[in-house]
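Source file my_file.cif; content: mmCIF, C-alpha atoms.
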```cif
data_start
#
loop_
_atom_site.label_atom_id
_atom_site.label_comp_id
_atom_site.auth_asym_id
_atom_site.auth_seq_id
_atom_site.Cartn_x
_atom_site.Cartn_y
_atom_site.Cartn_z
CA MET X 1 73.92 131.71 50.93
CA ILE X 2 77.17 133.66 51.12
CA ILE X 3 79.90 133.01 53.67
CA SER X 4 83.41 134.37 54.09
CA ILE X 5 86.82 133.04 55.07
CA CYS X 6 89.22 135.69 56.35
CA ASP X 7 92.75 134.72 57.34
CA LEU X 8 96.24 136.16 56.84
CA ASN X 9 97.65 132.74 55.96
CA VAL X 10 96.61 131.78 52.42
CA ALA X 11 97.30 128.10 53.18
CA ASP X 12 94.81 128.25 56.06
CA VAL X 13 92.21 129.84 53.77
CA THR X 14 92.75 126.98 51.33
CA GLN X 15 92.47 124.37 54.09
CA THR X 16 89.23 125.84 55.44
CA THR X 17 87.85 125.89 51.90
CA LYS X 18 88.69 122.21 51.51
CA LEU X 19 87.00 121.35 54.82
CA LEU X 20 83.94 123.28 53.74
CA ASP X 21 83.87 121.46 50.42
CA ALA X 22 84.19 118.09 52.18
CA SER X 23 81.20 118.87 54.41
CA MET X 24 79.17 119.95 51.39
CA LYS X 25 79.91 116.62 49.74
CA LYS X 26 79.25 114.64 52.91
CA TYR X 27 75.76 116.10 53.26
CA MET X 28 75.18 116.01 49.48
CA ILE X 29 74.45 119.74 49.22
CA LYS X 30 74.60 121.28 45.76
CA ASP X 31 77.52 123.67 45.23
CA SER X 32 75.15 126.22 43.73
CA PHE X 33 73.59 126.78 47.16
CA LEU X 34 76.77 128.35 48.54
CA LYS X 35 79.11 131.17 47.56
CA VAL X 36 82.40 131.77 49.38
CA ASP X 37 84.34 135.06 49.54
CA THR X 38 87.93 134.95 50.82
CA PHE X 39 89.99 137.76 52.36
CA THR X 40 93.48 138.07 53.84
CA SER X 41 92.71 141.14 55.98
CA ALA X 42 89.83 142.25 58.17
CA ASP X 43 89.83 145.68 56.54
CA GLU X 44 88.97 144.09 53.17
CA LEU X 45 86.23 142.08 54.85
CA LEU X 46 84.77 145.11 56.62
CA ALA X 47 84.77 147.05 53.38
CA SER X 48 82.37 144.52 51.92
CA GLN X 49 78.72 145.36 52.51
CA LYS X 50 77.47 141.84 51.81
CA ASP X 51 75.29 140.09 54.36
CA TYR X 52 77.34 137.02 55.19
CA THR X 53 75.57 134.15 56.90
CA LEU X 54 78.79 132.96 58.54
CA ILE X 55 82.40 134.13 58.66
CA PHE X 56 85.48 132.06 59.50
CA LEU X 57 87.69 134.78 60.95
CA GLY X 58 91.34 134.77 61.96
CA ILE X 59 92.42 136.88 64.95
CA LYS X 60 95.96 137.95 64.08
CA LEU X 61 95.43 140.05 60.96
CA PRO X 62 97.19 143.09 59.45
CA GLY X 63 95.53 146.40 60.30
CA THR X 64 92.26 145.74 62.13
CA ASN X 65 92.59 142.51 64.08
CA GLY X 66 89.95 139.80 64.24
CA LEU X 67 88.61 140.80 67.64
CA GLU X 68 87.87 144.36 66.57
CA ALA X 69 86.48 143.15 63.24
CA ALA X 70 84.10 140.81 65.08
CA ARG X 71 82.98 143.68 67.31
CA GLN X 72 82.10 145.79 64.26
CA LEU X 73 80.48 142.93 62.35
CA LYS X 74 78.22 142.07 65.29
CA LYS X 75 76.88 145.67 65.24
CA ARG X 76 75.58 145.33 61.68
CA LYS X 77 71.88 145.19 60.90
CA ASN X 78 72.20 141.50 59.98
CA PRO X 79 75.15 140.30 62.07
CA PRO X 80 76.82 137.14 60.80
CA ILE X 81 77.67 134.00 62.71
CA ILE X 82 81.38 134.27 63.48
CA ILE X 83 83.77 131.38 64.03
CA PHE X 84 87.28 132.36 65.07
CA THR X 85 90.09 130.27 63.57
CA THR X 86 93.38 130.67 65.41
CA VAL X 87 96.45 128.83 66.71
CA SER X 88 95.99 130.03 70.30
CA PRO X 89 93.18 129.68 72.87
CA ASP X 90 94.23 132.96 74.54
CA HIS X 91 91.21 134.94 73.29
CA CYS X 92 88.59 132.24 73.83
CA LEU X 93 86.77 133.95 76.72
CA GLU X 94 86.95 137.35 75.08
CA SER X 95 85.45 135.96 71.89
CA TYR X 96 82.30 134.85 73.70
CA ASP X 97 81.96 138.29 75.29
CA LEU X 98 81.79 139.59 71.72
CA GLY X 99 78.96 137.21 70.89
CA VAL X 100 81.13 135.03 68.66
CA GLU X 101 79.55 131.62 68.15
CA GLY X 102 82.60 129.37 67.81
CA TYR X 103 86.35 129.02 68.26
CA LEU X 104 88.39 126.58 66.15
CA LEU X 105 92.04 125.91 66.97
CA LYS X 106 94.44 125.29 64.09
CA PRO X 107 95.17 122.86 62.63
CA ILE X 108 91.42 122.39 62.28
CA SER X 109 90.31 118.76 62.35
CA GLU X 110 87.57 117.46 60.07
CA GLU X 111 85.58 116.32 63.10
CA LYS X 112 85.54 119.74 64.77
CA PHE X 113 84.83 121.53 61.51
CA ASP X 114 81.94 119.18 60.77
CA LYS X 115 80.37 120.00 64.15
CA ILE X 116 80.44 123.69 63.27
CA PHE X 117 79.06 123.00 59.80
CA SER X 118 76.21 120.77 60.98
CA ARG X 119 75.25 123.18 63.77
CA TYR X 120 75.40 126.56 62.03
CA LEU X 121 75.38 126.01 58.27
CA LEU X 122 73.46 122.82 57.55
CA PRO X 123 70.12 124.12 58.92
CA ALA X 124 70.36 127.18 56.65
CA PHE X 125 70.33 125.19 53.41
CA PRO X 126 67.09 124.26 51.62
CA PRO X 127 65.45 121.08 52.95
CA PRO X 128 67.11 117.99 51.49
CA ASP X 129 65.45 115.61 49.07
CA THR X 130 63.41 113.10 51.02
CA LEU X 131 62.00 109.63 50.58
CA ASN X 132 58.46 109.75 51.98
CA ILE X 133 57.23 106.43 53.34
CA TYR X 134 54.73 104.96 55.78
CA SER X 135 56.25 102.78 58.47
CA ASN X 136 54.10 101.31 61.24
CA ARG X 137 51.25 103.56 60.04
CA LEU X 138 53.33 106.68 60.54
CA LEU X 139 54.55 108.96 57.73
CA PHE X 140 58.31 109.58 57.62
CA HIS X 141 60.26 112.02 55.44
CA ILE X 142 63.70 110.41 55.24
CA PRO X 143 66.54 112.61 53.93
CA VAL X 144 67.94 110.77 50.91
CA ARG X 145 71.49 111.74 51.89
CA GLU X 146 71.12 109.70 55.12
CA ILE X 147 70.18 106.44 53.37
CA TYR X 148 73.01 103.88 53.33
CA TYR X 149 71.12 101.13 51.53
CA ILE X 150 67.69 99.59 51.03
CA GLU X 151 67.01 95.88 51.03
CA SER X 152 63.94 93.95 49.92
CA VAL X 153 62.73 91.26 52.32
CA GLY X 154 59.66 89.39 51.19
CA ARG X 155 56.96 91.95 50.43
CA LYS X 156 58.61 94.67 52.50
CA CYS X 157 61.63 96.92 52.19
CA ILE X 158 64.06 97.78 54.97
CA ILE X 159 65.63 101.25 54.69
CA HIS X 160 68.95 101.59 56.52
CA THR X 161 70.02 105.13 57.36
CA SER X 162 72.79 106.68 59.43
CA ASN X 163 70.38 107.12 62.34
CA GLN X 164 67.54 104.61 62.08
CA VAL X 165 66.07 101.60 60.27
CA TYR X 166 62.62 101.84 58.65
CA GLU X 167 60.29 99.14 57.36
CA THR X 168 57.81 99.87 54.59
CA ASN X 169 55.43 98.00 52.30
CA LEU X 170 56.74 99.83 49.22
CA ALA X 171 58.39 97.62 46.60
CA LEU X 172 62.09 98.11 45.86
CA ASN X 173 61.36 98.87 42.20
CA SER X 174 58.99 101.63 43.27
CA ILE X 175 61.54 103.14 45.67
CA GLU X 176 64.27 102.97 43.03
CA THR X 177 62.07 104.90 40.60
CA THR X 178 61.15 107.45 43.27
CA LEU X 179 64.77 108.11 44.23
CA SER X 180 66.00 108.45 40.63
CA ASN X 181 69.37 109.71 41.96
CA ALA X 182 72.61 109.03 40.15
CA PHE X 183 74.32 107.93 43.37
CA PHE X 184 72.06 104.90 43.98
CA VAL X 185 72.83 101.61 42.28
CA ARG X 186 71.16 98.19 42.25
CA CYS X 187 74.02 95.87 43.18
CA TYR X 188 71.89 92.77 43.80
CA ARG X 189 68.31 91.92 42.98
CA SER X 190 67.20 92.81 46.50
CA TYR X 191 69.63 95.65 47.38
CA LEU X 192 69.85 99.33 46.42
CA VAL X 193 73.04 101.03 47.65
CA ASN X 194 74.07 104.67 48.04
CA MET X 195 77.48 104.87 46.33
CA ASN X 196 78.53 107.74 48.61
CA TYR X 197 78.88 105.17 51.40
CA ILE X 198 80.81 102.49 49.51
CA GLN X 199 84.20 101.81 51.11
CA ALA X 200 85.33 98.98 48.84
CA ILE X 201 84.04 96.55 46.21
CA LEU X 202 85.19 93.02 47.06
CA ASP X 203 84.73 89.79 45.10
CA LEU X 204 81.29 88.90 46.40
CA GLU X 205 80.54 91.78 48.77
CA ILE X 206 80.37 95.56 49.01
CA LEU X 207 81.97 97.01 52.13
CA LEU X 208 80.23 100.16 53.39
CA ARG X 209 81.81 102.94 55.44
CA ASN X 210 79.87 101.86 58.53
CA GLY X 211 81.36 98.37 58.33
CA GLU X 212 78.29 96.61 56.94
CA ARG X 213 78.63 94.24 53.98
CA ILE X 214 76.19 93.93 51.09
CA PRO X 215 76.11 90.76 48.94
CA LEU X 216 77.25 91.10 45.34
CA THR X 217 76.85 88.62 42.49
CA LEU X 218 79.62 88.04 39.97
CA ARG X 219 77.15 88.91 37.23
CA LYS X 220 76.60 92.37 38.76
CA ARG X 221 80.19 93.01 39.82
CA SER X 222 81.50 94.24 36.46
CA PHE X 223 78.51 96.54 36.02
CA LEU X 224 78.91 97.93 39.54
CA ILE X 225 82.63 98.63 39.11
CA LYS X 226 81.99 100.59 35.91
CA THR X 227 79.08 102.50 37.44
CA TYR X 228 81.02 103.28 40.62
CA SER X 229 84.07 104.42 38.61
CA ARG X 230 81.91 106.86 36.63
CA PHE X 231 80.40 108.09 39.88
CA LEU X 232 83.83 108.74 41.44
CA THR X 233 85.04 110.51 38.30
CA GLN X 234 82.02 112.82 38.27
CA LYS X 235 82.37 113.44 42.00
CA SER X 236 86.04 114.37 41.53
CA LEU X 237 85.16 116.78 38.73
CA ASN X 238 82.53 118.42 40.92
CA GLN X 239 85.02 118.79 43.78
CA ASN X 240 87.67 120.33 41.53
CA GLY X 241 85.16 122.74 40.11
CA SER X 242 83.87 123.84 43.50
CA SER X 243 87.41 124.42 44.81
CA LYS X 244 87.65 127.43 42.48
CA ILE X 245 84.91 129.40 44.22
#
```

Can you turn what I pasted into structure tokens?
Amino acid sequence: MIISICDLNVADVTQTTKLLDASMKKYMIKDSFLKVDTFTSADELLASQKDYTLIFLGIKLPGTNGLEAARQLKKRKNPPIIIFTTVSPDHCLESYDLGVEGYLLKPISEEKFDKIFSRYLLPAFPPPDTLNIYSNRLLFHIPVREIYYIESVGRKCIIHTSNQVYETNLALNSIETTLSNAFFVRCYRSYLVNMNYIQAILDLEILLRNGERIPLTLRKRSFLIKTYSRFLTQKSLNQNGSSKI
């Protein structure tokens, strides 16, 4: 997928790129699935004949302004989704007359950007990796990126996600082998945790971003700290590498 960011202000282009990168990391989407072209004028953007899936487009631009650029882009054979990024709401109504899908006011908040990302970009990526389980005799395909943690209770496992809790007869060892993802770690004999959702490692607990706490033994604590540190280092390297696109 190819998208574009077009804005006169280089700092705003950089900020939008960072927000995009943050959303990619949040939804655990591989960087290789997305290419980003940046422009500081609409004329440069219009000169490109690429079929962009989505364009973040400023309105006040040198030469052809954003409104006229949107008008021309929407007439193309494969018109892109267009999200205006601007400091003023003055052209909001006019933008919808042009068929523009969104309007973000600067400074753009992470929350508002994430809504645009999850609505227009997330569905266009390949289906995420899933954990396929039977729960109450029904088959579920759970996106791995939504799993906070999995706990073993007796002969069952409870899978905690951002949206729902599932119960399955699969053993934790079996699920751990199936996932085989570098961001899952066994922090306790009966818990498997997604490190993307770790907020803090305490003395005898792991604090997750949603406020839940997972028990942690002293024997496992040193191992977890080392594993989590390596995970954060690799994640940082990935982020720095993707910021160059």

Sorted per-residue table, region 72-106 of chain X near region 14-29 of chain X, closest atoms and distance, 12 Å, all atoms listed in the file, as a tab-separated table:
```
residue	atom	partner	partner_atom	distance
X:Ile83	CA	X:Thr16	CA	11.6
X:Phe84	CA	X:Thr16	CA	11.8
X:Thr85	CA	X:Thr16	CA	9.3
X:Thr86	CA	X:Thr16	CA	11.8
X:Leu104	CA	X:Thr16	CA	10.8
X:Leu105	CA	X:Thr16	CA	11.9
X:Lys106	CA	X:Thr16	CA	10.1
```

For this file, the PyMOL selection byres ((chain X and resi 93-102) around 8) selects which residues, as a ChimeraX atom specification?
-> /X:67,70-71,74,81-84,90-92,103-104,116

Of the candidates X:Gly58, X:Gly154, X:Gly211, X:Pro107, which shows the shortest atom-to-atom distance to Tyr197 (chain X), using all atoms listed in the file?
-> X:Gly211

Name every residue that the PyMOL selection byres ((chain X and resi 184) around 10) selects in this structure, writing the answer as a list in words with chains first and numbers rising.
-> Val144, Ile147, Tyr148, Tyr149, Ile150, Glu176, Leu179, Ser180, Asn181, Ala182, Phe183, Val185, Arg186, Cys187, Leu192, Val193, Asn194, Met195, Asn196, Thr227, Tyr228 and Phe231 of chain X

Using all atoms listed in the file, find the one residue out of X:Ser135, X:Ser88, X:Asn169, X:Gln49 that sits nearest to Lys156 (chain X).
-> X:Asn169
